[in-house]
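Asker: Structure: my_file_9.csv, CSV, N, CA and C atoms.
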```csv
chain,number,residue,atom,x,y,z
Y,9,MET,N,21.9,11.2,279.0
Y,9,MET,CA,22.7,12.2,278.3
Y,9,MET,C,23.4,11.7,277.1
Y,10,ASP,N,23.7,10.4,277.1
Y,10,ASP,CA,24.3,9.8,275.9
Y,10,ASP,C,23.4,9.9,274.7
Y,11,GLU,N,22.2,9.7,274.9
Y,11,GLU,CA,21.2,9.8,273.8
Y,11,GLU,C,21.1,11.3,273.3
Y,12,LEU,N,21.2,12.2,274.2
Y,12,LEU,CA,21.2,13.6,273.8
Y,12,LEU,C,22.5,13.9,273.0
Y,13,ALA,N,23.6,13.4,273.4
Y,13,ALA,CA,24.8,13.7,272.7
Y,13,ALA,C,24.8,13.1,271.2
Y,14,VAL,N,24.2,11.9,271.1
Y,14,VAL,CA,24.0,11.3,269.8
Y,14,VAL,C,23.2,12.2,268.9
Y,15,GLU,N,22.0,12.6,269.4
Y,15,GLU,CA,21.1,13.5,268.6
Y,15,GLU,C,21.8,14.8,268.3
Y,16,ILE,N,22.5,15.4,269.2
Y,16,ILE,CA,23.2,16.7,268.9
Y,16,ILE,C,24.2,16.5,267.7
Y,17,ASN,N,24.9,15.4,267.8
Y,17,ASN,CA,25.9,15.1,266.7
Y,17,ASN,C,25.2,14.9,265.4
Y,18,ARG,N,24.1,14.2,265.4
Y,18,ARG,CA,23.3,14.0,264.1
Y,18,ARG,C,22.9,15.3,263.5
Y,19,VAL,N,22.4,16.2,264.4
Y,19,VAL,CA,22.0,17.6,263.9
Y,19,VAL,C,23.2,18.3,263.3
Y,20,VAL,N,24.3,18.3,264.1
Y,20,VAL,CA,25.5,19.0,263.7
Y,20,VAL,C,25.9,18.5,262.3
Y,21,GLU,N,26.0,17.2,262.1
Y,21,GLU,CA,26.5,16.6,260.8
Y,21,GLU,C,25.5,17.0,259.7
Y,22,ARG,N,24.2,17.0,259.9
Y,22,ARG,CA,23.3,17.4,258.9
Y,22,ARG,C,23.5,18.8,258.5
Y,23,LEU,N,23.6,19.7,259.5
Y,23,LEU,CA,23.8,21.1,259.2
Y,23,LEU,C,25.1,21.4,258.5
Y,24,ARG,N,26.2,20.7,258.9
Y,24,ARG,CA,27.5,21.0,258.3
Y,24,ARG,C,27.5,20.5,256.9
Y,25,SER,N,26.7,19.5,256.5
Y,25,SER,CA,26.8,19.0,255.2
Y,25,SER,C,25.7,19.6,254.3
Y,26,MET,N,24.9,20.4,254.8
Y,26,MET,CA,23.7,21.0,254.0
Y,26,MET,C,24.2,22.2,253.2
Y,27,PRO,N,23.8,22.2,251.9
Y,27,PRO,CA,24.2,23.4,251.1
Y,27,PRO,C,23.6,24.7,251.7
Y,28,LEU,N,24.3,25.8,251.5
Y,28,LEU,CA,23.9,27.1,252.0
Y,28,LEU,C,22.6,27.5,251.5
Y,29,THR,N,22.2,27.1,250.3
Y,29,THR,CA,20.9,27.5,249.7
Y,29,THR,C,19.8,26.8,250.5
Y,30,LYS,N,20.0,25.6,250.9
Y,30,LYS,CA,19.0,24.9,251.7
Y,30,LYS,C,19.0,25.4,253.1
Y,31,LEU,N,20.1,25.8,253.7
Y,31,LEU,CA,20.1,26.4,255.0
Y,31,LEU,C,19.3,27.7,255.0
Y,32,ALA,N,19.4,28.4,254.0
Y,32,ALA,CA,18.7,29.7,253.9
Y,32,ALA,C,17.3,29.6,253.5
Y,33,ALA,N,16.8,28.5,253.1
Y,33,ALA,CA,15.4,28.3,252.6
Y,33,ALA,C,14.4,28.4,253.8
Y,34,PRO,N,13.2,28.9,253.5
Y,34,PRO,CA,12.2,29.0,254.6
Y,34,PRO,C,12.0,27.6,255.3
Y,35,TRP,N,11.8,27.7,256.6
Y,35,TRP,CA,11.6,26.5,257.4
Y,35,TRP,C,10.6,26.9,258.5
Y,36,PRO,N,9.3,26.9,258.2
Y,36,PRO,CA,8.3,27.4,259.2
Y,36,PRO,C,8.3,26.6,260.5
Y,37,PRO,N,8.2,27.3,261.6
Y,37,PRO,CA,7.8,28.7,261.7
Y,37,PRO,C,8.9,29.7,261.7
Y,38,PHE,N,10.1,29.2,261.3
Y,38,PHE,CA,11.3,30.1,261.2
Y,38,PHE,C,11.5,30.6,259.8
Y,39,PRO,N,12.1,31.7,259.7
Y,39,PRO,CA,12.3,32.2,258.3
Y,39,PRO,C,13.3,31.4,257.5
Y,40,SER,N,14.1,30.6,258.2
Y,40,SER,CA,15.1,29.7,257.5
Y,40,SER,C,15.5,28.6,258.4
Y,41,ARG,N,16.2,27.6,257.9
Y,41,ARG,CA,16.8,26.5,258.7
Y,41,ARG,C,17.8,27.1,259.6
Y,42,VAL,N,18.6,28.1,259.1
Y,42,VAL,CA,19.6,28.7,260.0
Y,42,VAL,C,18.9,29.3,261.2
Y,43,ALA,N,17.9,30.0,261.0
Y,43,ALA,CA,17.2,30.7,262.2
Y,43,ALA,C,16.7,29.6,263.2
Y,44,GLY,N,16.1,28.5,262.6
Y,44,GLY,CA,15.6,27.4,263.5
Y,44,GLY,C,16.8,26.8,264.3
Y,45,ALA,N,17.9,26.5,263.6
Y,45,ALA,CA,19.0,25.9,264.2
Y,45,ALA,C,19.7,26.9,265.2
Y,46,ARG,N,19.7,28.1,264.9
Y,46,ARG,CA,20.2,29.1,265.9
Y,46,ARG,C,19.4,29.2,267.1
Y,47,ALA,N,18.0,29.0,267.0
Y,47,ALA,CA,17.1,29.0,268.1
Y,47,ALA,C,17.5,27.8,269.0
Y,48,LEU,N,17.8,26.6,268.3
Y,48,LEU,CA,18.2,25.4,269.1
Y,48,LEU,C,19.5,25.7,269.8
Y,49,ALA,N,20.4,26.3,269.1
Y,49,ALA,CA,21.7,26.6,269.8
Y,49,ALA,C,21.5,27.5,271.0
Y,50,GLN,N,20.6,28.5,270.9
Y,50,GLN,CA,20.3,29.3,272.0
Y,50,GLN,C,19.7,28.5,273.2
Y,51,GLN,N,18.8,27.6,272.8
Y,51,GLN,CA,18.1,26.8,273.9
Y,51,GLN,C,19.2,25.9,274.6
Y,52,LEU,N,20.1,25.4,273.9
Y,52,LEU,CA,21.2,24.6,274.5
Y,52,LEU,C,22.1,25.5,275.4
Y,53,ALA,N,22.4,26.7,274.9
Y,53,ALA,CA,23.2,27.6,275.6
Y,53,ALA,C,22.5,28.0,276.9
Y,54,ASP,N,21.2,28.3,276.8
Y,54,ASP,CA,20.5,28.7,278.0
Y,54,ASP,C,20.4,27.6,279.0
Y,55,ALA,N,20.2,26.4,278.6
Y,55,ALA,CA,20.2,25.3,279.5
Y,55,ALA,C,21.5,25.1,280.2
Y,56,ALA,N,22.6,25.3,279.5
Y,56,ALA,CA,23.9,25.2,280.1
Y,56,ALA,C,24.1,26.3,281.1
Y,57,ALA,N,23.7,27.5,280.8
Y,57,ALA,CA,23.9,28.7,281.7
Y,57,ALA,C,23.0,28.5,282.9
Y,58,ASP,N,21.8,28.0,282.8
Y,58,ASP,CA,20.9,27.8,283.9
Y,58,ASP,C,21.5,26.8,284.9
Y,59,ALA,N,22.0,25.7,284.3
Y,59,ALA,CA,22.6,24.6,285.2
Y,59,ALA,C,23.9,25.1,285.9
Y,60,SER,N,24.6,26.0,285.3
Y,60,SER,CA,25.8,26.4,285.9
Y,60,SER,C,25.7,27.8,286.7
Y,61,GLY,N,24.4,28.3,286.7
Y,61,GLY,CA,24.2,29.5,287.5
Y,61,GLY,C,24.7,30.8,286.8
Y,62,GLU,N,24.9,30.7,285.5
Y,62,GLU,CA,25.4,31.8,284.7
Y,62,GLU,C,24.3,32.6,284.0
Y,63,PRO,N,24.5,33.8,283.7
Y,63,PRO,CA,23.4,34.5,283.0
Y,63,PRO,C,23.3,34.0,281.5
Y,64,HIS,N,22.1,34.2,280.9
Y,64,HIS,CA,22.0,33.8,279.5
Y,64,HIS,C,22.8,34.8,278.7
Y,65,ARG,N,23.4,34.3,277.6
Y,65,ARG,CA,24.1,35.2,276.7
Y,65,ARG,C,23.5,34.8,275.3
Y,66,VAL,N,23.4,35.8,274.4
Y,66,VAL,CA,22.9,35.6,273.1
Y,66,VAL,C,23.9,34.9,272.2
Y,67,VAL,N,23.5,33.9,271.6
Y,67,VAL,CA,24.3,33.2,270.6
Y,67,VAL,C,24.4,34.1,269.4
Y,68,PRO,N,25.6,34.5,269.0
Y,68,PRO,CA,25.7,35.5,267.9
Y,68,PRO,C,25.4,34.9,266.6
Y,69,ASP,N,25.1,35.8,265.6
Y,69,ASP,CA,25.0,35.3,264.2
Y,69,ASP,C,26.4,35.5,263.6
Y,70,VAL,N,27.0,34.4,263.4
Y,70,VAL,CA,28.4,34.4,262.8
Y,70,VAL,C,28.3,33.8,261.4
Y,71,GLY,N,27.2,33.8,260.8
Y,71,GLY,CA,27.1,33.4,259.4
Y,71,GLY,C,26.4,32.0,259.3
Y,72,ASP,N,25.7,31.8,258.1
Y,72,ASP,CA,24.9,30.6,257.9
Y,72,ASP,C,25.8,29.4,258.0
Y,73,ALA,N,26.9,29.4,257.4
Y,73,ALA,CA,27.8,28.2,257.3
Y,73,ALA,C,28.2,27.7,258.7
Y,74,ALA,N,28.2,28.6,259.7
Y,74,ALA,CA,28.7,28.2,261.0
Y,74,ALA,C,27.7,27.7,262.0
Y,75,VAL,N,26.4,27.6,261.5
Y,75,VAL,CA,25.3,27.2,262.5
Y,75,VAL,C,25.5,25.8,263.0
Y,76,GLY,N,26.1,24.9,262.2
Y,76,GLY,CA,26.3,23.5,262.7
Y,76,GLY,C,27.4,23.6,263.8
Y,77,ASP,N,28.4,24.4,263.6
Y,77,ASP,CA,29.4,24.5,264.7
Y,77,ASP,C,28.9,25.2,265.9
Y,78,GLN,N,27.9,26.1,265.8
Y,78,GLN,CA,27.3,26.7,266.9
Y,78,GLN,C,26.5,25.7,267.8
Y,79,ILE,N,25.8,24.8,267.1
Y,79,ILE,CA,25.1,23.7,267.8
Y,79,ILE,C,26.1,22.8,268.5
Y,80,ALA,N,27.3,22.5,267.8
Y,80,ALA,CA,28.3,21.6,268.4
Y,80,ALA,C,28.8,22.3,269.7
Y,81,VAL,N,29.1,23.5,269.7
Y,81,VAL,CA,29.7,24.2,270.8
Y,81,VAL,C,28.6,24.3,272.0
Y,82,THR,N,27.5,24.8,271.7
Y,82,THR,CA,26.5,25.0,272.7
Y,82,THR,C,26.0,23.6,273.2
Y,83,GLY,N,25.9,22.6,272.3
Y,83,GLY,CA,25.6,21.3,272.8
Y,83,GLY,C,26.7,20.7,273.7
Y,84,ALA,N,27.9,20.9,273.4
Y,84,ALA,CA,29.0,20.5,274.3
Y,84,ALA,C,28.9,21.1,275.6
Y,85,ASP,N,28.6,22.4,275.6
Y,85,ASP,CA,28.4,23.2,276.9
Y,85,ASP,C,27.3,22.6,277.7
Y,86,ALA,N,26.2,22.2,277.1
Y,86,ALA,CA,25.0,21.7,277.8
Y,86,ALA,C,25.4,20.3,278.3
Y,87,LEU,N,26.1,19.5,277.5
Y,87,LEU,CA,26.5,18.1,278.0
Y,87,LEU,C,27.6,18.1,279.1
Y,88,ALA,N,28.3,19.3,279.2
Y,88,ALA,CA,29.3,19.3,280.2
Y,88,ALA,C,28.9,19.7,281.6
Y,89,VAL,N,27.6,20.0,281.7
Y,89,VAL,CA,27.1,20.4,283.1
Y,89,VAL,C,26.0,19.3,283.5
Y,90,VAL,N,25.7,19.4,284.7
Y,90,VAL,CA,24.6,18.5,285.2
Y,90,VAL,C,23.3,19.1,285.0
Y,91,LEU,N,22.5,18.6,284.1
Y,91,LEU,CA,21.2,19.1,283.8
Y,91,LEU,C,20.1,18.3,284.5
Y,92,PRO,N,19.1,19.0,284.9
Y,92,PRO,CA,17.9,18.2,285.5
Y,92,PRO,C,17.3,17.3,284.5
Y,93,ASP,N,16.8,16.2,285.0
Y,93,ASP,CA,16.2,15.2,284.1
Y,93,ASP,C,15.2,15.7,283.1
Y,94,ASP,N,14.3,16.6,283.7
Y,94,ASP,CA,13.3,17.2,282.8
Y,94,ASP,C,13.8,18.1,281.7
Y,95,VAL,N,14.9,18.8,282.0
Y,95,VAL,CA,15.6,19.6,281.0
Y,95,VAL,C,16.2,18.7,279.9
Y,96,VAL,N,16.9,17.6,280.3
Y,96,VAL,CA,17.4,16.7,279.4
Y,96,VAL,C,16.3,16.1,278.5
Y,97,ALA,N,15.2,15.8,279.1
Y,97,ALA,CA,14.1,15.2,278.3
Y,97,ALA,C,13.6,16.2,277.3
Y,98,ASP,N,13.4,17.5,277.7
Y,98,ASP,CA,13.0,18.5,276.8
Y,98,ASP,C,14.0,18.8,275.7
Y,99,LEU,N,15.3,18.9,276.0
Y,99,LEU,CA,16.3,19.1,275.0
Y,99,LEU,C,16.3,17.9,274.0
Y,100,LEU,N,16.2,16.7,274.5
Y,100,LEU,CA,16.3,15.5,273.7
Y,100,LEU,C,15.1,15.6,272.7
Y,101,ARG,N,13.9,15.9,273.1
Y,101,ARG,CA,12.8,16.0,272.3
Y,101,ARG,C,13.0,17.1,271.2
Y,102,ASP,N,13.4,18.2,271.6
Y,102,ASP,CA,13.6,19.3,270.7
Y,102,ASP,C,14.7,19.1,269.7
Y,103,VAL,N,15.8,18.5,270.1
Y,103,VAL,CA,16.9,18.2,269.2
Y,103,VAL,C,16.5,17.2,268.2
Y,104,ARG,N,15.8,16.2,268.7
Y,104,ARG,CA,15.3,15.1,267.8
Y,104,ARG,C,14.3,15.7,266.8
Y,105,ASP,N,13.4,16.5,267.2
Y,105,ASP,CA,12.4,17.2,266.3
Y,105,ASP,C,13.1,18.0,265.2
Y,106,VAL,N,14.2,18.7,265.6
Y,106,VAL,CA,14.9,19.4,264.6
Y,106,VAL,C,15.6,18.5,263.6
Y,107,ARG,N,16.2,17.4,264.1
Y,107,ARG,CA,16.9,16.5,263.2
Y,107,ARG,C,15.9,15.9,262.2
Y,108,ILE,N,14.8,15.5,262.7
Y,108,ILE,CA,13.8,14.8,261.8
Y,108,ILE,C,13.3,15.8,260.8
Y,109,ALA,N,13.1,17.1,261.2
Y,109,ALA,CA,12.5,18.1,260.3
Y,109,ALA,C,13.6,18.6,259.3
Y,110,LEU,N,14.8,18.5,259.6
Y,110,LEU,CA,15.9,18.9,258.7
Y,110,LEU,C,15.8,18.1,257.4
```
Output the file's structure in the form of structure tokens.

Answerer:
Amino acid sequence: MDELAVEINRVVERLRSMPLTKLAAPWPPFPSRVAGARALAQQLADAAADASGEPHRVVPDVGDAAVGDQIAVTGADALAVVLPDDVVADLLRDVRDVRIAL
């Protein structure tokens, strides 16, 4: 989980420091980096909900500039629960892939 926390923080810092124009630019297969990052935030939120027996809730669109904060919050939620090893491995791979692609 420590490695996952490090990768989440790296993604958060990249997103927080990225100009809004770059966040809004196309990022296939997503229409923008914001859309891709929001999908990752949703994946983190869903993993936390599954691990705690809660229903999935949609991560809201609160504006492009907030997407790094959304990853920070949903990442903290995922790190705060006990996740199965395979889920941690999947999240680590996906978070790392996003970081590299950003």

Asker: Could you name the residues that touch region 31-42 of chain Y at 8 Å or less, counting all atoms listed in the file, but leaving out those on the same chain fewer than 2 positions away, as a ChimeraX atom specification?

Answerer: /Y:23,26-29,44-48,71-73,75-76,110

Asker: May I ask for the distance between atom N of Leu87 (chain Y) and atom C of Lys30 (chain Y), given in Å to one decimal place?

Answerer: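 Here the two named atoms are 26.1 Å from each other.
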
Asker: So what do you get for CA of Val19 (chain Y) versus CA of Asp102 (chain Y), distance-wise?

Answerer: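 Separation of CA of Val19 (chain Y) and CA of Asp102 (chain Y): 10.9 Å.
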
Asker: Could you work out how far atom N of Ala56 (chain Y) lies from atom N of Ala88 (chain Y), giving the answer in Å with one decimal?

Answerer: 8.3 Å

Asker: Pick out each residue of region 18-89 of chain Y that DSSP on the backbone tags as helix (DSSP H, G or I); I need them as a PyMOL selection string.

Answerer: chain Y and resi 18-25+28-32+41-60+72-87

Asker: Those same residues, written as a short mmCIF file (atom, residue, chain, number, x, y, z; two decimals), keeping the file's coordinate frame with N, CA and C atoms?

Answerer:
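File written: again10.cif
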```cif
data_model
loop_
_atom_site.label_atom_id
_atom_site.label_comp_id
_atom_site.auth_asym_id
_atom_site.auth_seq_id
_atom_site.Cartn_x
_atom_site.Cartn_y
_atom_site.Cartn_z
N ARG Y 18 24.10 14.20 265.40
CA ARG Y 18 23.30 14.00 264.10
C ARG Y 18 22.90 15.30 263.50
N VAL Y 19 22.40 16.20 264.40
CA VAL Y 19 22.00 17.60 263.90
C VAL Y 19 23.20 18.30 263.30
N VAL Y 20 24.30 18.30 264.10
CA VAL Y 20 25.50 19.00 263.70
C VAL Y 20 25.90 18.50 262.30
N GLU Y 21 26.00 17.20 262.10
CA GLU Y 21 26.50 16.60 260.80
C GLU Y 21 25.50 17.00 259.70
N ARG Y 22 24.20 17.00 259.90
CA ARG Y 22 23.30 17.40 258.90
C ARG Y 22 23.50 18.80 258.50
N LEU Y 23 23.60 19.70 259.50
CA LEU Y 23 23.80 21.10 259.20
C LEU Y 23 25.10 21.40 258.50
N ARG Y 24 26.20 20.70 258.90
CA ARG Y 24 27.50 21.00 258.30
C ARG Y 24 27.50 20.50 256.90
N SER Y 25 26.70 19.50 256.50
CA SER Y 25 26.80 19.00 255.20
C SER Y 25 25.70 19.60 254.30
N LEU Y 28 24.30 25.80 251.50
CA LEU Y 28 23.90 27.10 252.00
C LEU Y 28 22.60 27.50 251.50
N THR Y 29 22.20 27.10 250.30
CA THR Y 29 20.90 27.50 249.70
C THR Y 29 19.80 26.80 250.50
N LYS Y 30 20.00 25.60 250.90
CA LYS Y 30 19.00 24.90 251.70
C LYS Y 30 19.00 25.40 253.10
N LEU Y 31 20.10 25.80 253.70
CA LEU Y 31 20.10 26.40 255.00
C LEU Y 31 19.30 27.70 255.00
N ALA Y 32 19.40 28.40 254.00
CA ALA Y 32 18.70 29.70 253.90
C ALA Y 32 17.30 29.60 253.50
N ARG Y 41 16.20 27.60 257.90
CA ARG Y 41 16.80 26.50 258.70
C ARG Y 41 17.80 27.10 259.60
N VAL Y 42 18.60 28.10 259.10
CA VAL Y 42 19.60 28.70 260.00
C VAL Y 42 18.90 29.30 261.20
N ALA Y 43 17.90 30.00 261.00
CA ALA Y 43 17.20 30.70 262.20
C ALA Y 43 16.70 29.60 263.20
N GLY Y 44 16.10 28.50 262.60
CA GLY Y 44 15.60 27.40 263.50
C GLY Y 44 16.80 26.80 264.30
N ALA Y 45 17.90 26.50 263.60
CA ALA Y 45 19.00 25.90 264.20
C ALA Y 45 19.70 26.90 265.20
N ARG Y 46 19.70 28.10 264.90
CA ARG Y 46 20.20 29.10 265.90
C ARG Y 46 19.40 29.20 267.10
N ALA Y 47 18.00 29.00 267.00
CA ALA Y 47 17.10 29.00 268.10
C ALA Y 47 17.50 27.80 269.00
N LEU Y 48 17.80 26.60 268.30
CA LEU Y 48 18.20 25.40 269.10
C LEU Y 48 19.50 25.70 269.80
N ALA Y 49 20.40 26.30 269.10
CA ALA Y 49 21.70 26.60 269.80
C ALA Y 49 21.50 27.50 271.00
N GLN Y 50 20.60 28.50 270.90
CA GLN Y 50 20.30 29.30 272.00
C GLN Y 50 19.70 28.50 273.20
N GLN Y 51 18.80 27.60 272.80
CA GLN Y 51 18.10 26.80 273.90
C GLN Y 51 19.20 25.90 274.60
N LEU Y 52 20.10 25.40 273.90
CA LEU Y 52 21.20 24.60 274.50
C LEU Y 52 22.10 25.50 275.40
N ALA Y 53 22.40 26.70 274.90
CA ALA Y 53 23.20 27.60 275.60
C ALA Y 53 22.50 28.00 276.90
N ASP Y 54 21.20 28.30 276.80
CA ASP Y 54 20.50 28.70 278.00
C ASP Y 54 20.40 27.60 279.00
N ALA Y 55 20.20 26.40 278.60
CA ALA Y 55 20.20 25.30 279.50
C ALA Y 55 21.50 25.10 280.20
N ALA Y 56 22.60 25.30 279.50
CA ALA Y 56 23.90 25.20 280.10
C ALA Y 56 24.10 26.30 281.10
N ALA Y 57 23.70 27.50 280.80
CA ALA Y 57 23.90 28.70 281.70
C ALA Y 57 23.00 28.50 282.90
N ASP Y 58 21.80 28.00 282.80
CA ASP Y 58 20.90 27.80 283.90
C ASP Y 58 21.50 26.80 284.90
N ALA Y 59 22.00 25.70 284.30
CA ALA Y 59 22.60 24.60 285.20
C ALA Y 59 23.90 25.10 285.90
N SER Y 60 24.60 26.00 285.30
CA SER Y 60 25.80 26.40 285.90
C SER Y 60 25.70 27.80 286.70
N ASP Y 72 25.70 31.80 258.10
CA ASP Y 72 24.90 30.60 257.90
C ASP Y 72 25.80 29.40 258.00
N ALA Y 73 26.90 29.40 257.40
CA ALA Y 73 27.80 28.20 257.30
C ALA Y 73 28.20 27.70 258.70
N ALA Y 74 28.20 28.60 259.70
CA ALA Y 74 28.70 28.20 261.00
C ALA Y 74 27.70 27.70 262.00
N VAL Y 75 26.40 27.60 261.50
CA VAL Y 75 25.30 27.20 262.50
C VAL Y 75 25.50 25.80 263.00
N GLY Y 76 26.10 24.90 262.20
CA GLY Y 76 26.30 23.50 262.70
C GLY Y 76 27.40 23.60 263.80
N ASP Y 77 28.40 24.40 263.60
CA ASP Y 77 29.40 24.50 264.70
C ASP Y 77 28.90 25.20 265.90
N GLN Y 78 27.90 26.10 265.80
CA GLN Y 78 27.30 26.70 266.90
C GLN Y 78 26.50 25.70 267.80
N ILE Y 79 25.80 24.80 267.10
CA ILE Y 79 25.10 23.70 267.80
C ILE Y 79 26.10 22.80 268.50
N ALA Y 80 27.30 22.50 267.80
CA ALA Y 80 28.30 21.60 268.40
C ALA Y 80 28.80 22.30 269.70
N VAL Y 81 29.10 23.50 269.70
CA VAL Y 81 29.70 24.20 270.80
C VAL Y 81 28.60 24.30 272.00
N THR Y 82 27.50 24.80 271.70
CA THR Y 82 26.50 25.00 272.70
C THR Y 82 26.00 23.60 273.20
N GLY Y 83 25.90 22.60 272.30
CA GLY Y 83 25.60 21.30 272.80
C GLY Y 83 26.70 20.70 273.70
N ALA Y 84 27.90 20.90 273.40
CA ALA Y 84 29.00 20.50 274.30
C ALA Y 84 28.90 21.10 275.60
N ASP Y 85 28.60 22.40 275.60
CA ASP Y 85 28.40 23.20 276.90
C ASP Y 85 27.30 22.60 277.70
N ALA Y 86 26.20 22.20 277.10
CA ALA Y 86 25.00 21.70 277.80
C ALA Y 86 25.40 20.30 278.30
N LEU Y 87 26.10 19.50 277.50
CA LEU Y 87 26.50 18.10 278.00
C LEU Y 87 27.60 18.10 279.10
#
```

Asker: Kindly indicate which residue among Y:Ala49, Y:Val96, Y:Ile108, Y:Val103 lies nearest to Val66 (chain Y), using all atoms listed in the file for the distances.

Answerer: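 The closest residue to Val66 (chain Y) is Y:Ala49.
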